[in-house]
$ cat data.pdb   # PDB, C-alpha atoms, pLDDT in the B column
ATOM      1  CA  MET Z  28      68.522 166.009 124.066  1.00 47.00           C
ATOM      2  CA  GLU Z  29      68.281 164.078 127.308  1.00 47.00           C
ATOM      3  CA  LYS Z  30      68.174 160.791 125.356  1.00 49.00           C
ATOM      4  CA  THR Z  31      71.311 161.731 123.394  1.00 47.00           C
ATOM      5  CA  ALA Z  32      73.182 162.665 126.554  1.00 47.00           C
ATOM      6  CA  ARG Z  33      72.180 159.389 128.198  1.00 47.00           C
ATOM      7  CA  GLN Z  34      73.389 157.417 125.188  1.00 52.00           C
ATOM      8  CA  GLY Z  35      76.801 159.048 125.518  1.00 50.00           C
ATOM      9  CA  LEU Z  36      77.269 157.747 129.044  1.00 47.00           C
ATOM     10  CA  GLU Z  37      79.027 154.455 129.721  1.00 48.00           C
ATOM     11  CA  ARG Z  38      78.464 152.256 132.733  1.00 46.00           C
ATOM     12  CA  VAL Z  39      81.368 152.452 135.151  1.00 39.00           C
ATOM     13  CA  SER Z  40      82.859 148.993 135.581  1.00 46.00           C
ATOM     14  CA  ARG Z  41      83.114 147.876 139.169  1.00 48.00           C
ATOM     15  CA  PRO Z  42      86.432 146.307 140.168  1.00 52.00           C
ATOM     16  CA  ARG Z  43      86.149 142.576 140.698  1.00 65.00           C
ATOM     17  CA  LEU Z  44      86.414 141.241 144.224  1.00 68.00           C
ATOM     18  CA  TYR Z  45      89.866 139.763 143.690  1.00 68.00           C
ATOM     19  CA  GLU Z  46      91.113 143.137 142.422  1.00 74.00           C
ATOM     20  CA  GLN Z  47      89.767 144.837 145.549  1.00 82.00           C
ATOM     21  CA  LEU Z  48      91.411 142.204 147.740  1.00 84.00           C
ATOM     22  CA  VAL Z  49      94.708 142.530 145.902  1.00 84.00           C
ATOM     23  CA  GLU Z  50      94.614 146.307 146.336  1.00 85.00           C
ATOM     24  CA  GLN Z  51      93.929 145.950 150.065  1.00 87.00           C
ATOM     25  CA  ILE Z  52      96.706 143.400 150.528  1.00 89.00           C
ATOM     26  CA  LEU Z  53      99.149 145.656 148.695  1.00 88.00           C
ATOM     27  CA  ALA Z  54      97.973 148.611 150.790  1.00 86.00           C
ATOM     28  CA  TYR Z  55      98.659 146.578 153.935  1.00 86.00           C
ATOM     29  CA  ILE Z  56     102.130 145.669 152.651  1.00 88.00           C
ATOM     30  CA  GLU Z  57     102.803 149.369 152.080  1.00 86.00           C
ATOM     31  CA  SER Z  58     101.446 150.546 155.439  1.00 86.00           C
ATOM     32  CA  ALA Z  59     103.275 147.810 157.351  1.00 86.00           C
ATOM     33  CA  GLN Z  60     106.433 148.711 155.408  1.00 89.00           C
ATOM     34  CA  LEU Z  61     107.091 145.065 154.594  1.00 90.00           C
ATOM     35  CA  ARG Z  62     110.178 144.338 152.561  1.00 91.00           C
ATOM     36  CA  PRO Z  63     111.060 141.382 150.318  1.00 91.00           C
ATOM     37  CA  GLY Z  64     111.625 138.376 152.548  1.00 91.00           C
ATOM     38  CA  ASP Z  65     109.133 139.542 155.197  1.00 92.00           C
ATOM     39  CA  LEU Z  66     106.228 137.291 156.142  1.00 92.00           C
ATOM     40  CA  LEU Z  67     102.598 138.333 155.651  1.00 91.00           C
ATOM     41  CA  PRO Z  68     100.074 137.630 158.439  1.00 90.00           C
ATOM     42  CA  ALA Z  69      98.620 134.111 158.634  1.00 87.00           C
ATOM     43  CA  GLU Z  70      95.707 133.470 156.243  1.00 84.00           C
ATOM     44  CA  ARG Z  71      93.175 133.240 159.082  1.00 86.00           C
ATOM     45  CA  ASP Z  72      94.262 136.609 160.517  1.00 89.00           C
ATOM     46  CA  LEU Z  73      94.401 138.275 157.110  1.00 87.00           C
ATOM     47  CA  ALA Z  74      90.952 136.941 156.140  1.00 86.00           C
ATOM     48  CA  GLU Z  75      89.455 138.314 159.359  1.00 88.00           C
ATOM     49  CA  ARG Z  76      91.016 141.742 158.786  1.00 85.00           C
ATOM     50  CA  LEU Z  77      89.661 141.864 155.225  1.00 83.00           C
ATOM     51  CA  GLY Z  78      86.261 140.441 156.138  1.00 84.00           C
ATOM     52  CA  VAL Z  79      86.375 137.596 153.605  1.00 82.00           C
ATOM     53  CA  SER Z  80      86.489 133.815 153.797  1.00 80.00           C
ATOM     54  CA  ARG Z  81      89.832 132.032 153.791  1.00 77.00           C
ATOM     55  CA  ALA Z  82      88.882 130.334 150.501  1.00 73.00           C
ATOM     56  CA  THR Z  83      88.317 133.729 148.862  1.00 75.00           C
ATOM     57  CA  LEU Z  84      91.543 135.123 150.303  1.00 80.00           C
ATOM     58  CA  ALA Z  85      93.467 132.043 149.142  1.00 77.00           C
ATOM     59  CA  GLN Z  86      92.502 132.759 145.525  1.00 74.00           C
ATOM     60  CA  ALA Z  87      93.703 136.359 145.808  1.00 81.00           C
ATOM     61  CA  LEU Z  88      96.998 135.127 147.265  1.00 83.00           C
ATOM     62  CA  VAL Z  89      97.371 132.651 144.394  1.00 80.00           C
ATOM     63  CA  ALA Z  90      96.871 135.525 141.952  1.00 80.00           C
ATOM     64  CA  LEU Z  91      99.670 137.452 143.672  1.00 86.00           C
ATOM     65  CA  GLU Z  92     101.852 134.336 143.635  1.00 83.00           C
ATOM     66  CA  VAL Z  93     101.274 133.896 139.898  1.00 78.00           C
ATOM     67  CA  LEU Z  94     102.598 137.413 139.346  1.00 80.00           C
ATOM     68  CA  GLY Z  95     105.613 136.829 141.573  1.00 83.00           C
ATOM     69  CA  VAL Z  96     104.587 139.337 144.243  1.00 88.00           C
ATOM     70  CA  ILE Z  97     104.555 136.732 147.010  1.00 88.00           C
ATOM     71  CA  ASP Z  98     105.967 133.263 147.496  1.00 86.00           C
ATOM     72  CA  VAL Z  99     103.650 130.910 149.383  1.00 80.00           C
ATOM     73  CA  GLN Z 100     105.789 128.434 151.283  1.00 76.00           C
ATOM     74  CA  HIS Z 101     104.254 125.367 152.923  1.00 71.00           C
ATOM     75  CA  GLY Z 102     104.683 125.484 156.681  1.00 71.00           C
ATOM     76  CA  THR Z 103     105.823 129.112 156.586  1.00 77.00           C
ATOM     77  CA  GLY Z 104     103.143 131.163 154.851  1.00 81.00           C
ATOM     78  CA  ALA Z 105     103.141 133.961 152.309  1.00 87.00           C
ATOM     79  CA  VAL Z 106     106.503 135.685 151.976  1.00 91.00           C
ATOM     80  CA  LEU Z 107     106.825 139.010 150.144  1.00 92.00           C
ATOM     81  CA  ALA Z 108     108.978 138.613 147.032  1.00 90.00           C
ATOM     82  CA  ARG Z 109     108.737 142.162 145.646  1.00 89.00           C
ATOM     83  CA  ARG Z 110     106.822 145.415 146.154  1.00 86.00           C
ATOM     84  CA  PRO Z 111     105.245 146.453 142.837  1.00 83.00           C
ATOM     85  CA  SER Z 112     102.766 149.261 142.240  1.00 81.00           C
ATOM     86  CA  VAL Z 113      99.051 148.497 142.509  1.00 80.00           C
ATOM     87  CA  ALA Z 114      98.482 149.588 138.900  1.00 82.00           C
ATOM     88  CA  SER Z 115     101.110 147.210 137.526  1.00 84.00           C
ATOM     89  CA  VAL Z 116      99.680 144.280 139.499  1.00 83.00           C
ATOM     90  CA  ILE Z 117      96.092 144.895 138.361  1.00 78.00           C
ATOM     91  CA  LYS Z 118      97.283 145.221 134.772  1.00 81.00           C
ATOM     92  CA  GLY Z 119      99.230 141.986 135.104  1.00 80.00           C
ATOM     93  CA  LEU Z 120      96.203 140.154 136.519  1.00 76.00           C
ATOM     94  CA  ARG Z 121      93.958 141.274 133.672  1.00 76.00           C
ATOM     95  CA  GLU Z 122      96.531 140.287 131.062  1.00 77.00           C
ATOM     96  CA  HIS Z 123      96.930 136.907 132.768  1.00 72.00           C
ATOM     97  CA  GLN Z 124      93.180 136.266 132.675  1.00 74.00           C
ATOM     98  CA  SER Z 125      92.849 137.282 129.035  1.00 75.00           C
ATOM     99  CA  ARG Z 126      95.474 134.759 127.911  1.00 77.00           C
ATOM    100  CA  LEU Z 127      94.174 131.817 129.967  1.00 78.00           C
ATOM    101  CA  PRO Z 128      91.929 130.484 127.142  1.00 82.00           C
ATOM    102  CA  GLU Z 129      94.877 130.483 124.725  1.00 86.00           C
ATOM    103  CA  ILE Z 130      97.048 128.596 127.209  1.00 84.00           C
ATOM    104  CA  VAL Z 131      94.298 125.990 127.546  1.00 85.00           C
ATOM    105  CA  GLU Z 132      94.115 125.665 123.757  1.00 88.00           C
ATOM    106  CA  ALA Z 133      97.858 125.092 123.549  1.00 89.00           C
ATOM    107  CA  ARG Z 134      97.804 122.489 126.322  1.00 90.00           C
ATOM    108  CA  SER Z 135      94.852 120.680 124.752  1.00 90.00           C
ATOM    109  CA  THR Z 136      96.711 120.466 121.470  1.00 91.00           C
ATOM    110  CA  LEU Z 137     100.141 119.471 122.773  1.00 94.00           C
ATOM    111  CA  GLU Z 138      99.555 117.442 125.916  1.00 95.00           C
ATOM    112  CA  VAL Z 139      96.771 115.265 124.523  1.00 96.00           C
ATOM    113  CA  LYS Z 140      99.084 114.227 121.699  1.00 97.00           C
ATOM    114  CA  LEU Z 141     101.952 113.719 124.132  1.00 97.00           C
ATOM    115  CA  ALA Z 142      99.826 111.385 126.277  1.00 98.00           C
ATOM    116  CA  SER Z 143      98.875 109.372 123.206  1.00 98.00           C
ATOM    117  CA  LEU Z 144     102.485 109.038 122.083  1.00 98.00           C
ATOM    118  CA  ALA Z 145     103.613 108.200 125.624  1.00 98.00           C
ATOM    119  CA  ALA Z 146     101.205 105.249 125.667  1.00 98.00           C
ATOM    120  CA  GLU Z 147     102.731 103.968 122.433  1.00 98.00           C
ATOM    121  CA  ARG Z 148     106.402 104.629 123.196  1.00 98.00           C
ATOM    122  CA  ARG Z 149     106.891 104.494 126.981  1.00 98.00           C
ATOM    123  CA  THR Z 150     109.680 102.421 128.446  1.00 98.00           C
ATOM    124  CA  ASP Z 151     109.979 100.876 131.909  1.00 97.00           C
ATOM    125  CA  GLN Z 152     112.183 103.821 132.864  1.00 98.00           C
ATOM    126  CA  ASP Z 153     109.481 106.244 131.716  1.00 98.00           C
ATOM    127  CA  LEU Z 154     106.872 104.428 133.814  1.00 98.00           C
ATOM    128  CA  ALA Z 155     109.162 104.628 136.844  1.00 98.00           C
ATOM    129  CA  ALA Z 156     109.472 108.412 136.393  1.00 98.00           C
ATOM    130  CA  ILE Z 157     105.684 108.754 136.080  1.00 98.00           C
ATOM    131  CA  ASP Z 158     105.114 106.682 139.233  1.00 98.00           C
ATOM    132  CA  ASN Z 159     107.718 108.700 141.108  1.00 98.00           C
ATOM    133  CA  ALA Z 160     105.950 111.940 140.198  1.00 97.00           C
ATOM    134  CA  LEU Z 161     102.618 110.537 141.390  1.00 97.00           C
ATOM    135  CA  ASN Z 162     104.179 109.484 144.697  1.00 97.00           C
ATOM    136  CA  ILE Z 163     105.746 112.910 145.214  1.00 96.00           C
ATOM    137  CA  MET Z 164     102.466 114.694 144.485  1.00 95.00           C
ATOM    138  CA  ALA Z 165     100.555 112.358 146.831  1.00 96.00           C
ATOM    139  CA  LYS Z 166     103.040 113.011 149.634  1.00 95.00           C
ATOM    140  CA  GLU Z 167     102.865 116.772 149.115  1.00 91.00           C
ATOM    141  CA  ILE Z 168      99.068 116.691 149.338  1.00 91.00           C
ATOM    142  CA  ASN Z 169      99.118 114.441 152.408  1.00 92.00           C
ATOM    143  CA  ASP Z 170     101.480 116.943 154.028  1.00 89.00           C
ATOM    144  CA  GLY Z 171      98.951 119.713 153.422  1.00 83.00           C
ATOM    145  CA  ASP Z 172     100.638 121.245 150.381  1.00 83.00           C
ATOM    146  CA  ARG Z 173      99.138 121.786 146.914  1.00 83.00           C
ATOM    147  CA  GLY Z 174     101.253 119.175 145.142  1.00 86.00           C
ATOM    148  CA  SER Z 175     102.570 121.609 142.551  1.00 85.00           C
ATOM    149  CA  HIS Z 176     106.063 120.090 142.363  1.00 89.00           C
ATOM    150  CA  GLY Z 177     104.721 116.578 141.836  1.00 93.00           C
ATOM    151  CA  ASP Z 178     102.260 117.941 139.285  1.00 91.00           C
ATOM    152  CA  GLU Z 179     105.086 119.546 137.329  1.00 90.00           C
ATOM    153  CA  LEU Z 180     107.189 116.365 137.478  1.00 95.00           C
ATOM    154  CA  PHE Z 181     104.246 114.294 136.223  1.00 97.00           C
ATOM    155  CA  HIS Z 182     103.728 116.383 133.110  1.00 95.00           C
ATOM    156  CA  GLN Z 183     107.468 116.441 132.471  1.00 95.00           C
ATOM    157  CA  ALA Z 184     107.527 112.635 132.727  1.00 97.00           C
ATOM    158  CA  ILE Z 185     104.671 112.339 130.216  1.00 98.00           C
ATOM    159  CA  THR Z 186     106.513 114.633 127.822  1.00 97.00           C
ATOM    160  CA  ALA Z 187     109.700 112.586 128.164  1.00 97.00           C
ATOM    161  CA  ALA Z 188     107.788 109.310 127.659  1.00 98.00           C
ATOM    162  CA  ALA Z 189     106.454 110.564 124.316  1.00 98.00           C
ATOM    163  CA  HIS Z 190     110.019 110.646 122.948  1.00 97.00           C
ATOM    164  CA  SER Z 191     109.296 113.577 120.631  1.00 97.00           C
ATOM    165  CA  ALA Z 192     112.041 116.209 120.675  1.00 95.00           C
ATOM    166  CA  VAL Z 193     109.988 118.781 118.770  1.00 95.00           C
ATOM    167  CA  LEU Z 194     106.926 118.490 121.007  1.00 95.00           C
ATOM    168  CA  ALA Z 195     109.203 118.643 124.048  1.00 94.00           C
ATOM    169  CA  GLN Z 196     110.658 121.921 122.769  1.00 94.00           C
ATOM    170  CA  LEU Z 197     107.172 123.345 122.283  1.00 93.00           C
ATOM    171  CA  MET Z 198     106.234 122.348 125.833  1.00 92.00           C
ATOM    172  CA  ALA Z 199     109.382 124.015 127.157  1.00 90.00           C
ATOM    173  CA  PHE Z 200     108.413 127.178 125.280  1.00 89.00           C
ATOM    174  CA  ILE Z 201     105.048 127.463 127.071  1.00 85.00           C
ATOM    175  CA  ALA Z 202     106.257 126.053 130.419  1.00 84.00           C
ATOM    176  CA  GLU Z 203     106.182 129.425 132.195  1.00 79.00           C
ATOM    177  CA  MET Z 204     102.608 130.094 131.087  1.00 79.00           C
ATOM    178  CA  ILE Z 205     101.556 126.597 132.190  1.00 81.00           C
ATOM    179  CA  LEU Z 206     103.115 127.312 135.585  1.00 76.00           C
ATOM    180  CA  GLU Z 207     100.673 130.206 135.991  1.00 69.00           C
ATOM    181  CA  THR Z 208      97.664 127.972 135.356  1.00 74.00           C
ATOM    182  CA  ARG Z 209      99.107 125.229 137.573  1.00 75.00           C
ATOM    183  CA  MET Z 210      99.351 127.497 140.617  1.00 68.00           C
ATOM    184  CA  GLU Z 211      95.923 128.991 139.989  1.00 70.00           C
ATOM    185  CA  SER Z 212      94.252 125.604 139.488  1.00 74.00           C
ATOM    186  CA  LEU Z 213      95.880 123.887 142.469  1.00 74.00           C
ATOM    187  CA  GLY Z 214      94.849 126.854 144.607  1.00 71.00           C
ATOM    188  CA  GLN Z 215      91.175 125.866 144.179  1.00 73.00           C
ATOM    189  CA  PRO Z 216      89.653 124.015 147.168  1.00 75.00           C
ATOM    190  CA  GLY Z 217      89.841 120.247 146.644  1.00 83.00           C
ATOM    191  CA  ARG Z 218      91.623 120.600 143.317  1.00 86.00           C
ATOM    192  CA  PRO Z 219      94.960 118.962 144.262  1.00 89.00           C
ATOM    193  CA  GLU Z 220      93.184 115.699 145.133  1.00 93.00           C
ATOM    194  CA  GLN Z 221      91.097 115.824 141.949  1.00 93.00           C
ATOM    195  CA  SER Z 222      94.174 116.529 139.855  1.00 93.00           C
ATOM    196  CA  LEU Z 223      96.065 113.619 141.392  1.00 96.00           C
ATOM    197  CA  ALA Z 224      93.157 111.265 140.674  1.00 97.00           C
ATOM    198  CA  SER Z 225      93.079 112.319 137.020  1.00 96.00           C
ATOM    199  CA  HIS Z 226      96.863 111.909 136.805  1.00 97.00           C
ATOM    200  CA  ARG Z 227      96.468 108.321 137.946  1.00 98.00           C
ATOM    201  CA  LYS Z 228      93.941 107.642 135.162  1.00 98.00           C
ATOM    202  CA  ILE Z 229      96.381 109.010 132.601  1.00 98.00           C
ATOM    203  CA  ALA Z 230      99.201 106.903 134.044  1.00 98.00           C
ATOM    204  CA  ALA Z 231      97.063 103.747 133.995  1.00 98.00           C
ATOM    205  CA  ALA Z 232      96.230 104.254 130.313  1.00 98.00           C
ATOM    206  CA  ILE Z 233      99.882 104.835 129.448  1.00 98.00           C
ATOM    207  CA  ARG Z 234     100.915 101.730 131.383  1.00 98.00           C
ATOM    208  CA  ALA Z 235      98.289  99.733 129.458  1.00 98.00           C
ATOM    209  CA  GLN Z 236      99.626 101.216 126.201  1.00 98.00           C
ATOM    210  CA  ASP Z 237      96.126 102.429 125.343  1.00 98.00           C
ATOM    211  CA  ALA Z 238      96.808 105.559 123.300  1.00 98.00           C
ATOM    212  CA  LYS Z 239      93.158 106.469 122.816  1.00 97.00           C
ATOM    213  CA  ALA Z 240      92.367 106.174 126.549  1.00 98.00           C
ATOM    214  CA  ALA Z 241      95.500 108.152 127.466  1.00 98.00           C
ATOM    215  CA  ALA Z 242      94.510 110.991 125.131  1.00 97.00           C
ATOM    216  CA  LYS Z 243      90.952 110.995 126.479  1.00 97.00           C
ATOM    217  CA  ALA Z 244      92.157 111.016 130.096  1.00 97.00           C
ATOM    218  CA  MET Z 245      94.589 113.860 129.409  1.00 96.00           C
ATOM    219  CA  LEU Z 246      91.898 115.947 127.723  1.00 95.00           C
ATOM    220  CA  ALA Z 247      89.586 115.404 130.695  1.00 95.00           C
ATOM    221  CA  HIS Z 248      92.433 116.407 133.027  1.00 93.00           C
ATOM    222  CA  ILE Z 249      93.148 119.636 131.146  1.00 91.00           C
ATOM    223  CA  GLU Z 250      89.446 120.512 131.159  1.00 88.00           C
ATOM    224  CA  LEU Z 251      89.421 119.915 134.917  1.00 88.00           C
ATOM    225  CA  VAL Z 252      92.451 122.040 135.745  1.00 84.00           C
ATOM    226  CA  SER Z 253      91.328 124.777 133.354  1.00 81.00           C
ATOM    227  CA  ASP Z 254      88.127 125.230 135.333  1.00 76.00           C
ATOM    228  CA  VAL Z 255      89.503 128.086 137.412  1.00 66.00           C
ATOM    229  CA  GLU Z 256      86.954 129.885 139.544  1.00 57.00           C
ATOM    230  CA  LEU Z 257      87.821 133.542 139.101  1.00 49.00           C
ATOM    231  CA  LEU Z 258      86.744 135.865 141.863  1.00 43.00           C
ATOM    232  CA  ARG Z 259      83.834 138.092 140.918  1.00 41.00           C
TER     233      ARG Z 259
END

$ encode --input "data.pdb" --output "structure tokens"
Amino acid sequence: MEKTARQGLERVSRPRLYEQLVEQILAYIESAQLRPGDLLPAERDLAERLGVSRATLAQALVALEVLGVIDVQHGTGAVLARRPSVASVIKGLREHQSRLPEIVEARSTLEVKLASLAAERRTDQDLAAIDNALNIMAKEINDGDRGSHGDELFHQAITAAAHSAVLAQLMAFIAEMILETRMESLGQPGRPEQSLASHRKIAAAIRAQDAKAAAKAMLAHIELVSDVELLR
């Protein structure tokens, strides 16, 4: 009887650390009566209040940024964009995590082919757009930002250089989902610099018109940026 009763019990799942942090941040927003447009405390102050490292807090803030709860502005800090319920945010985070592998699959399929085609079809104008994106991303990183705008411009330039209208439409269709992974990836410590370095390898292969090397470099890049360290 005791064995049967024990078999009917299920282990209670413990909320992951990032979920606990998100709940505490939202609770602070509620208690401080912050409104959209208001600034959250500086990361150092917030990390001390929560008793976590700044690196751990940064990942929780990226998760909130992905869901549009906050807007992290370089030089300003985290600004509240909207005040959702805790339940809706946690649900959104779990849904986001469950679809990450599918987004990676789509990127691996589309962007590797785009890089290969770009190496075969790129024009001098395409190369100029690629170089411009690299320069913008490098400047953003040097200024202490994550380089997300330059990153976005780089991938757009690769897509344009492939000169494939259908593939470009497919990329536009998943652009919003890619934006989620971009913010989450570039929020990892040291990732912006690593991403920029892999971008340069892709650009070099495209400039050399080496389709095989461009595809290989793009695949390696996607594997890199897909390695998102989720909080446990």

$ resolve_selection --input "data.pdb" --expression "the PyMOL selection byres ((chain Z and resi 70) around 10)" --output "list in words"
Leu67, Pro68, Ala69, Arg71, Asp72, Leu73, Ala74, Glu75, Arg76, Ser80, Arg81, Ala82, Leu84, Ala85, Leu88, Gly104 and Ala105 of chain Z

$ closest_atom_pairs --input "data.pdb" --of "region 195-216 of chain Z" --to "region 124-143 of chain Z" --cutoff "8 Å" --atoms "all atoms listed in the file" --output "CSV"
residue,atom,partner,partner_atom,distance
Z:Met198,CA,Z:Leu137,CA,7.4
Z:Met204,CA,Z:Ile130,CA,6.9
Z:Ile205,CA,Z:Ile130,CA,7.0
Z:Thr208,CA,Z:Leu127,CA,7.5

$ atom_distance --input "data.pdb" --atom1 "CA of Arg173 (chain Z)" --atom2 "CA of Gly217 (chain Z)"
9.4 Å

$ closest_residue --input "data.pdb" --among "Z:Asp153, Z:Asp65, Z:Glu179, Z:Glu250" --to "Ala230 (chain Z)" --atoms "only C-alpha atoms"
Z:Asp153

$ axis_aligned_box --input "data.pdb" --around "region 46-64 of chain Z" --padding-each-side "8 Å" --output "lines of an AutoDock Vina configuration file"
center_x = 100.7
center_y = 144.5
center_z = 149.9
size_x = 37.9
size_y = 28.2
size_z = 30.9

$ atom_distance --input "data.pdb" --atom1 "CA of Ala184 (chain Z)" --atom2 "CA of Leu154 (chain Z)"
8.3 Å

$ atom_distance --input "data.pdb" --atom1 "CA of Ala160 (chain Z)" --atom2 "CA of His176 (chain Z)"
8.4 Å

$ resolve_selection --input "data.pdb" --expression "the PyMOL selection byres ((chain Z and resi 229) around 12)" --output "ChimeraX atom specification"
/Z:138-139,141-143,145-146,154,157-158,161,181-182,184-185,222-228,230-249

$ resolve_selection --input "data.pdb" --expression "the PyMOL selection byres ((chain Z and resi 109-118) around 9)" --output "PDB file with C-alpha atoms, keeping the file's coordinate frame"
ATOM      1  CA  GLU Z  46      91.113 143.137 142.422  1.00 74.00           C
ATOM      2  CA  VAL Z  49      94.708 142.530 145.902  1.00 84.00           C
ATOM      3  CA  GLU Z  50      94.614 146.307 146.336  1.00 85.00           C
ATOM      4  CA  LEU Z  53      99.149 145.656 148.695  1.00 88.00           C
ATOM      5  CA  ALA Z  54      97.973 148.611 150.790  1.00 86.00           C
ATOM      6  CA  ILE Z  56     102.130 145.669 152.651  1.00 88.00           C
ATOM      7  CA  GLU Z  57     102.803 149.369 152.080  1.00 86.00           C
ATOM      8  CA  LEU Z  61     107.091 145.065 154.594  1.00 90.00           C
ATOM      9  CA  ARG Z  62     110.178 144.338 152.561  1.00 91.00           C
ATOM     10  CA  PRO Z  63     111.060 141.382 150.318  1.00 91.00           C
ATOM     11  CA  GLY Z  64     111.625 138.376 152.548  1.00 91.00           C
ATOM     12  CA  LEU Z  91      99.670 137.452 143.672  1.00 86.00           C
ATOM     13  CA  LEU Z  94     102.598 137.413 139.346  1.00 80.00           C
ATOM     14  CA  GLY Z  95     105.613 136.829 141.573  1.00 83.00           C
ATOM     15  CA  VAL Z  96     104.587 139.337 144.243  1.00 88.00           C
ATOM     16  CA  ILE Z  97     104.555 136.732 147.010  1.00 88.00           C
ATOM     17  CA  LEU Z 107     106.825 139.010 150.144  1.00 92.00           C
ATOM     18  CA  ALA Z 108     108.978 138.613 147.032  1.00 90.00           C
ATOM     19  CA  GLY Z 119      99.230 141.986 135.104  1.00 80.00           C
ATOM     20  CA  LEU Z 120      96.203 140.154 136.519  1.00 76.00           C
ATOM     21  CA  ARG Z 121      93.958 141.274 133.672  1.00 76.00           C
ATOM     22  CA  GLU Z 122      96.531 140.287 131.062  1.00 77.00           C
ATOM     23  CA  HIS Z 123      96.930 136.907 132.768  1.00 72.00           C
TER      24      HIS Z 123
END
